[in-house]
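So the structure is just underneath, and the comments pick up after that.
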Amino acid sequence: MKLMPCPLNGLRNITEFTYGGEVSVMPNPDAATDAEWADYVFNKTNPAGVVREWWLHNASGYWFIAERDAVTDCVLKTFDPGELFTARAEFPVAAEGQQKEKTV
Amino acid sequence: MSAASSPFPHSLRLPPPWGRRVDRNCPVRFSFEGKTYAGFAGDTIASALIADGRYLLSRSFKYHRARGPLTLAGQDANTLVQLPEEANVLADVSPIAEGLSVMGQNYSGSLDHDRDAILGHFSRFMPVGFYYRAFFKPRGVWKYWEPFIRKKAGLGALDLSFTPTYHDKAYLFADTAVIGSGPAGLSAAIAAADAGARVLVVEQEPELGGSLHWARFGLEGKSAEEARDLITRVQRRPNIRVLTNAVCNAWFADNYLPIVSGNRLYKVRAKTCVMAAGAFEQPVIFRNNDLPGIMLASAAQRLMRLYGVRPGKRAVVLTGHDAGCLAALDLLEAGVEVAAVADMRAESPDTLPLLAALKAKNVRVFSGTTVFEALPGKDRDGNPRVVGVDLRRILGAADGLERGAVEARGETIECDTLLMSAGYMPAWQLPCQAGGKLSYHDATARFSISGLPDILTLAGSANGYFSLSNILRDGERAGRQAALRALGKAADTEIYAASAYETEAPVNFPWPIFPHPQGKEFVDFDEDLQIRDIVNAVRCGYRDIQLVKRFSTVGMGPLQGRQSALPAARLVAEASGRSVSETGVTTARPPFMPEKLAHVAGRMFSPLRESAMRRRHEEAGAQWLMAGTWRRPAYYGDPARRDALIQEEARAVRERVGLIDVSTLGGLEIRGPDAVELLDRLYTFSFAKLPVGRSRYALMLAEDGVIMDDGVCCRLGEQHFYVTATTSGVDRVWRAMTKWNAQWRLDADIANVTSAWAAVNLAGPKSREVLARAGVNIELSGSAFPYLGVQTGVVAGISARLMRVGFVGELGYEIHVPSRYGEALWDALMKAGAEFGIRPFGVETQRLLRLEKGHIIIGQDTDGMTHPAEVGMEWALGRKKPFFVGKRSVEILEAQAPQRKLVGFVLPKDAPRKALEGQLILDDTGNITGAITSLGDSVALGQTIGLAWCAPSQGKVGALLPIRCEEAPGGRLLATVAATPFYDPQNLRQEV
Amino acid sequence: MNTFFHAAAPKEAARFSSALTLEDLTNVPRVGIRGKAAADYLKTAGFALPETANRLCRAETGALTLRLSASEYLLLGLDADGARVQALEASLPNTGEGGLYALPRRDSHVWFRISGARRHEAMAKLCGVDLSPGAFARDALAQTSVAAVSAIVAGDGGGECVGAFHLLVDSAFAAYFQASLLDALTEFHGC
């Protein structure tokens, strides 16, 4: 049974966690075309490489993000979402574009 | 059980120090196939029977050939016997017990005279894969074959009245786990403990030491004694924990190891793991290599050293490497006559010192020779046994002949025992489960396993070492490396230099396979597969080893290829023109040893949630239903009167007052400066203008616009909301909320306080009076506490949150109190309501009452694609808000033509049949357009009502709605579409 | 043994052996507190705080302060500190203002204490986190799964001579959890 390194709780059995889906950036819901919006809602990139995904540690209610090599199933890095989502998200979305995302 | 007992032939028993496991002061009597035998405490069933000269233990799967022990280590299926409470027990590792009654399996008549043995004569008609082509023609003949085949297939018999004993599980933690406690495992454990690790040693046998107790290392055979000092050292180390009679049955990710021991399954997590589980000795493939009395060399050594039993009187040894010669020396020491040693290697005694030593002891030595055929005969009891061997010289490749060719003539040697050893295959199963790749070098016949994760290391013969000093050194290296890694320290490599190991002679004879024109040279003993079966599988077109396995069943028997994987790979490689490495072995999967369901199922955890009022429900005669992990009352009273009781409860609520426990409804406390903003984004409605002291329906959509959950949102303060959700949805809702806020970073606190609050719904025209009677410090008039109002106050002395809700369509109050007071609240309300005829009501009743109001239940009336327009909930969408989850998707969906609609319907009072939830809705041409989602017998209307999906064109009020019902005349029940709410359409009663 | 639902009954101990005792502490005062202002509020009230998450502090008068995250604390009002923790709870605003959020831990959780030298062996039947003395300090805590339900497992802060674990579990699971505990502890009878 796999071990997951939780940023808050340390190495724990994977059964202590709930998978939360791929990390994806929401396009501006007012500006996106129907096709762009549907692509965001339904399609995942699912690369044969490093994926970024949400995980929840059930007992502590803590959400975090993991970077995992989907081919070797090796968790490379886990970190607090605050490192990626640095500012309060606003709606409607600011005119100049999408939510700010820190490039890694 | 027959009255006759067998005489106890002391001639096969050896004196001490042979037989370290048996206690000769403790005789034990047991029976096998109805005959009494005697052994000693410490004997296994097999060793005690062999001591009495009995080898025949089982009948083979297909041909019902007589079989005796092959490995004597639980690594072959020839020893499967039946115990009173258990089938398929390995007789060579199961201890005898006083009075134990053991039977054989898989025979017709008796084990000794199995009528099905005749099948062996028809092997010509049972070529590999014959069952894929036989039994099907002429058409319909299968149903005559099937019962016959079912009877013949299978081995032991199950006792269905058997009661399982208590089995449980426990976690266990270690820095370094060492699997196997032979010389490699022991030296690894000590090195790891010395390096400071917390070590766990897992040993399959009843004692530590492994091969140190039975193998002969070297001509003098003394080195094992010195190495046994390792056992004491392991036992003395405080940081080494030992589990014996414990099997590591798999390798799972990150060194998660299931260890089965006794009635317990240990779930071990080790930071690092040393696998020192040894290697499987390999048989030679020749005609009749499965006769009782033919065994692996190590089996004979185990028999003598562990159990003090000679394998027979006159033995021949067939070997491809030094260890076979060492076994021959053991036989001589034990007083067994060694009639011949046939060494498949071409080298003579002049170059091989062990052969020279044997020759010096007057043993006839044949170099470059194999057994071509074992000769069958009868033993003392008249049972099949080897009585001699036909030795033939092996013809070399230089002669231009196929591998495995032998001379046309040889020499027959009489014997009652044959030891064979063609080499070793490392225990590859667990390393390969860990991602290791098994390779085989065809020229040198050497195995290696590569590609292991760095938390796992092999040691000893699993790692390709067979000399004792190399094994010990390799164990030390592995143990130290594993410990340092587990402790997070840097590895030191000084002692690991390859030069530190001494050179070893090869152990695997490259081609120990000798086809015979009359066949019966068994490659797979479990499945009765001969050389031609494997070769023919390839000729049928199955080149991939995985396909050869499935087509021929090689390796699919109880012991999963331990002896058959290598010869099968060799034969397939040869037949398909590839190397053995290219051919490979099939995927190793858990469990390693047979595993009982009781181990996996023992002491399962089935979490159960109950409200604070559970004792009151029990006392009131609740009939329970499960909602997720919650147990809730469905209704109260005798199940034989279920429908009537639900009607009575419903009537009580409509006419007087009822009380239902709604503690399971989720409670989420949302607080903080951004509380409003958070709720506005998560739910479809707008809450910014919701006044303090008021509540509003809360509908939550998923990102794709599908209805996810609903509830009621109460405003307790400017920055304080209390939101309910459905019982089964609240956990999901809370997860969605917290995940969104991890991205949005709003300044709001989200707390799931469901179990902190016990809650009831006091509903009915008399509910106001009951509440007043119970004692409340709030004005209850309709103007002071209107419909949808929210108040905090004190009810019967308990601080409470009260809200007026309309789910069941009557005047009602949802009262939430801290759950420690739940029972007290229930008691107070029941007491206050007594004079008003209060009645507790359950979930089934509530379902009916809400149905009369046309309220949907998420997950029952909605599915994974339902969006608001389909259920007439457009009114709940706050379109002026800049954003809410699902908003954009809903706009896209609304622009599309509607596919379906949820409508209410009634059945006529004289409907010929009762409809059922789930029955289909049809259109005029008989196409399916929907299904019934909810159905109930309305007390108030005196009619059956329901909700159903249908085509939008069918949804006009008053239209006929055909329900597919086979028992109804014409296969249709005709319902009439009705407007909802069915009951009190103006909602006057709940808003009073 | 008394459970959560017998709110007024005194706590009772189940003594399995000299090496293992189980008590129900559900009636002992406790409160959760979360938010940006939580740390300062607690310090002002005189509680020492652990420096990192998943650690606890023990006050001399008995209270345990558990730090569950960067901004969440759980106060267990053991021994003489029952009244003090109750007073703290009463003083907390529940308006949602001030960056200070109270959590109703008295009702949302039940609380058991396992004491004795063999407690980590007993816990190994229920919990996949290594709680043995070398791996789990007396001032550590783990938010994990015990008997397949979410739970908080806390050390005793060095307060008890023999050593104990505190277990807090969602109160809806109370009866199930107690049954699982008793089942796991049965093998330690009389050892």
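Going by the structure tokens order, chains are called A, B, ..., each with residues numbered from 1, while ligands are numbered from 1 in the order shown.
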Might you pull out every residue within 9 Å of C:Ile152, with only C-alpha atoms counted and same-chain residues fewer than 2 positions away left off, and present them as a PDB file with C-alpha atoms, in the first residue's frame?
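Below is the file selection37.pdb, written as the result:
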```
ATOM      1  CA  ALA A  59      -8.526  12.926   9.245  1.00  0.00           C
ATOM      2  CA  SER A  60      -7.142  16.470   9.312  1.00  0.00           C
TER       3      SER A  60
ATOM      4  CA  LEU C 141      -0.118  13.661  18.017  1.00  0.00           C
ATOM      5  CA  ALA C 142      -1.381  12.027  14.854  1.00  0.00           C
ATOM      6  CA  GLN C 143      -4.523  12.777  12.887  1.00  0.00           C
ATOM      7  CA  THR C 144      -5.138   9.464  11.248  1.00  0.00           C
ATOM      8  CA  SER C 145      -7.480   6.522  10.862  1.00  0.00           C
ATOM      9  CA  VAL C 146      -8.221   4.203  13.786  1.00  0.00           C
ATOM     10  CA  SER C 150     -10.844   9.397  11.336  1.00  0.00           C
ATOM     11  CA  ALA C 154      -2.317  12.086  21.105  1.00  0.00           C
ATOM     12  CA  HIS C 166      -5.734   9.971  24.053  1.00  0.00           C
ATOM     13  CA  LEU C 167      -8.135   9.005  21.273  1.00  0.00           C
ATOM     14  CA  LEU C 168     -10.743  11.406  19.933  1.00  0.00           C
ATOM     15  CA  VAL C 169     -13.250  10.179  17.410  1.00  0.00           C
TER      16      VAL C 169
END
```
**OP:** Using only C-alpha atoms, find which residues of chain C lie within 9 Å of chain B and jot them down as a VMD selection string.
**Re:** chain C and resid 4 to 7 34 to 35 94 to 101 103 to 109 121 to 130 132 147 to 149 170 to 177 180 184
Selection export as an mmCIF file, in the first residue's frame, atoms kept: C-alpha atoms:
```
data_model
loop_
_atom_site.group_PDB
_atom_site.id
_atom_site.type_symbol
_atom_site.label_atom_id
_atom_site.label_comp_id
_atom_site.auth_asym_id
_atom_site.auth_seq_id
_atom_site.Cartn_x
_atom_site.Cartn_y
_atom_site.Cartn_z
ATOM 1 C CA PHE C 4 -20.903 9.139 25.282
ATOM 2 C CA PHE C 5 -24.638 8.842 25.515
ATOM 3 C CA HIS C 6 -24.722 8.594 29.280
ATOM 4 C CA ALA C 7 -23.884 12.203 29.553
ATOM 5 C CA ARG C 34 -9.241 27.994 14.957
ATOM 6 C CA GLY C 35 -8.365 31.131 13.056
ATOM 7 C CA ASN C 94 -19.388 32.522 18.133
ATOM 8 C CA THR C 95 -20.272 35.322 15.791
ATOM 9 C CA GLY C 96 -17.696 34.467 13.230
ATOM 10 C CA GLU C 97 -15.933 37.731 13.733
ATOM 11 C CA GLY C 98 -12.435 38.492 14.877
ATOM 12 C CA GLY C 99 -10.657 35.678 13.094
ATOM 13 C CA LEU C 100 -11.492 33.414 15.998
ATOM 14 C CA TYR C 101 -13.682 30.344 15.491
ATOM 15 C CA LEU C 103 -15.354 24.335 17.403
ATOM 16 C CA PRO C 104 -17.831 22.243 19.391
ATOM 17 C CA ARG C 105 -15.442 19.448 20.308
ATOM 18 C CA ARG C 106 -17.356 18.477 23.421
ATOM 19 C CA ASP C 107 -20.232 17.251 21.269
ATOM 20 C CA SER C 108 -18.573 16.409 17.981
ATOM 21 C CA HIS C 109 -16.107 13.926 19.494
ATOM 22 C CA GLU C 121 0.667 -3.024 20.938
ATOM 23 C CA ALA C 122 -3.078 -2.690 21.418
ATOM 24 C CA MET C 123 -3.222 0.296 19.100
ATOM 25 C CA ALA C 124 -1.297 -1.641 16.450
ATOM 26 C CA LYS C 125 -4.437 -3.717 16.002
ATOM 27 C CA LEU C 126 -6.358 -0.626 14.970
ATOM 28 C CA CYS C 127 -4.055 2.018 13.614
ATOM 29 C CA GLY C 128 -1.604 2.144 10.717
ATOM 30 C CA VAL C 129 0.651 4.778 12.244
ATOM 31 C CA ASP C 130 3.679 3.614 14.206
ATOM 32 C CA SER C 132 5.813 2.755 19.436
ATOM 33 C CA ALA C 147 -10.569 1.258 13.248
ATOM 34 C CA ALA C 148 -11.283 2.728 9.808
ATOM 35 C CA VAL C 149 -12.602 6.060 11.128
ATOM 36 C CA ASP C 170 -16.398 11.598 15.780
ATOM 37 C CA SER C 171 -19.212 11.050 18.275
ATOM 38 C CA ALA C 172 -21.548 9.464 15.740
ATOM 39 C CA PHE C 173 -19.155 6.497 15.700
ATOM 40 C CA ALA C 174 -19.082 6.221 19.495
ATOM 41 C CA ALA C 175 -20.757 2.842 19.952
ATOM 42 C CA TYR C 176 -18.976 1.288 16.971
ATOM 43 C CA PHE C 177 -15.607 2.639 18.063
ATOM 44 C CA SER C 180 -13.769 -2.029 18.111
ATOM 45 C CA ALA C 184 -8.859 -5.267 20.043
#
```
**OP:** Enumerate, as an NGL selection string, the complete set of residues in chain A that a backbone-based DSSP assignment places in helix (DSSP H, G or I).
**Re:** :A and (14-16 or 34-42 or 81-83)
Deliver the residues from the most recent selection as a file, using C-alpha atoms, as a PDB file, in the first residue's frame.
```
ATOM      1  CA  ILE A  14      -2.695   6.205   0.953  1.00  0.00           C
ATOM      2  CA  THR A  15      -5.990   5.038   2.470  1.00  0.00           C
ATOM      3  CA  GLU A  16      -5.872   8.089   4.731  1.00  0.00           C
ATOM      4  CA  ASP A  34     -18.707  26.862 -25.049  1.00  0.00           C
ATOM      5  CA  ALA A  35     -16.084  24.491 -26.418  1.00  0.00           C
ATOM      6  CA  GLU A  36     -13.330  25.909 -24.202  1.00  0.00           C
ATOM      7  CA  TRP A  37     -15.571  25.691 -21.179  1.00  0.00           C
ATOM      8  CA  ALA A  38     -16.606  22.106 -21.905  1.00  0.00           C
ATOM      9  CA  ASP A  39     -12.977  21.159 -22.430  1.00  0.00           C
ATOM     10  CA  TYR A  40     -12.104  22.586 -19.024  1.00  0.00           C
ATOM     11  CA  VAL A  41     -14.998  20.830 -17.296  1.00  0.00           C
ATOM     12  CA  PHE A  42     -14.690  17.384 -18.859  1.00  0.00           C
ATOM     13  CA  PRO A  81      -1.984  25.009  -2.225  1.00  0.00           C
ATOM     14  CA  GLY A  82      -1.006  28.468  -1.006  1.00  0.00           C
ATOM     15  CA  GLU A  83       2.217  28.090  -2.943  1.00  0.00           C
TER      16      GLU A  83
END
```
**OP:** Identify all residues of stretch 437-487 of chain B in strand (DSSP E or B) (DSSP on the backbone) and supply them as a list of chain:residue names.
**Re:**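 Reading the DSSP output for stretch 437-487 of chain B, strand (DSSP E or B) covers B:Lys437, B:Leu438, B:Ser439, B:Tyr440, B:His441, B:Arg446, B:Phe447, B:Ser448, B:Ile449, B:Ser450, B:Leu456, B:Thr457, B:Leu458.
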Would you mind exporting the chosen residues as an mmCIF file, in the first residue's frame, restricted to C-alpha atoms?
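Here's the written file out_25.cif:
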```
data_model
loop_
_atom_site.group_PDB
_atom_site.id
_atom_site.type_symbol
_atom_site.label_atom_id
_atom_site.label_comp_id
_atom_site.auth_asym_id
_atom_site.auth_seq_id
_atom_site.Cartn_x
_atom_site.Cartn_y
_atom_site.Cartn_z
ATOM 1 C CA LYS B 437 13.014 -8.274 -13.621
ATOM 2 C CA LEU B 438 14.183 -11.872 -13.712
ATOM 3 C CA SER B 439 16.966 -12.541 -16.209
ATOM 4 C CA TYR B 440 18.652 -15.764 -17.172
ATOM 5 C CA HIS B 441 21.967 -16.040 -18.921
ATOM 6 C CA ARG B 446 22.737 -18.040 -14.176
ATOM 7 C CA PHE B 447 19.766 -16.109 -12.850
ATOM 8 C CA SER B 448 19.739 -12.509 -11.807
ATOM 9 C CA ILE B 449 17.068 -10.125 -10.658
ATOM 10 C CA SER B 450 17.444 -6.460 -11.461
ATOM 11 C CA LEU B 456 14.457 -3.672 -1.237
ATOM 12 C CA THR B 457 17.561 -5.802 -1.498
ATOM 13 C CA LEU B 458 18.206 -9.512 -2.036
#
```
Pull the closest atom pair for each residue of chain A that gets at most 6 Å from chain B, along with the distance in Å to one decimal, counting only C-alpha atoms, ordering rows by chain and then ascending residue number, as CSV.
```
residue,atom,partner,partner_atom,distance
A:Met1,CA,B:Ala253,CA,4.8
A:Lys2,CA,B:Ala253,CA,4.9
A:Phe85,CA,B:Gln743,CA,5.7
A:Arg88,CA,B:Arg745,CA,4.9
A:Ala89,CA,B:Trp744,CA,4.6
A:Pro92,CA,B:Pro882,CA,5.4
```
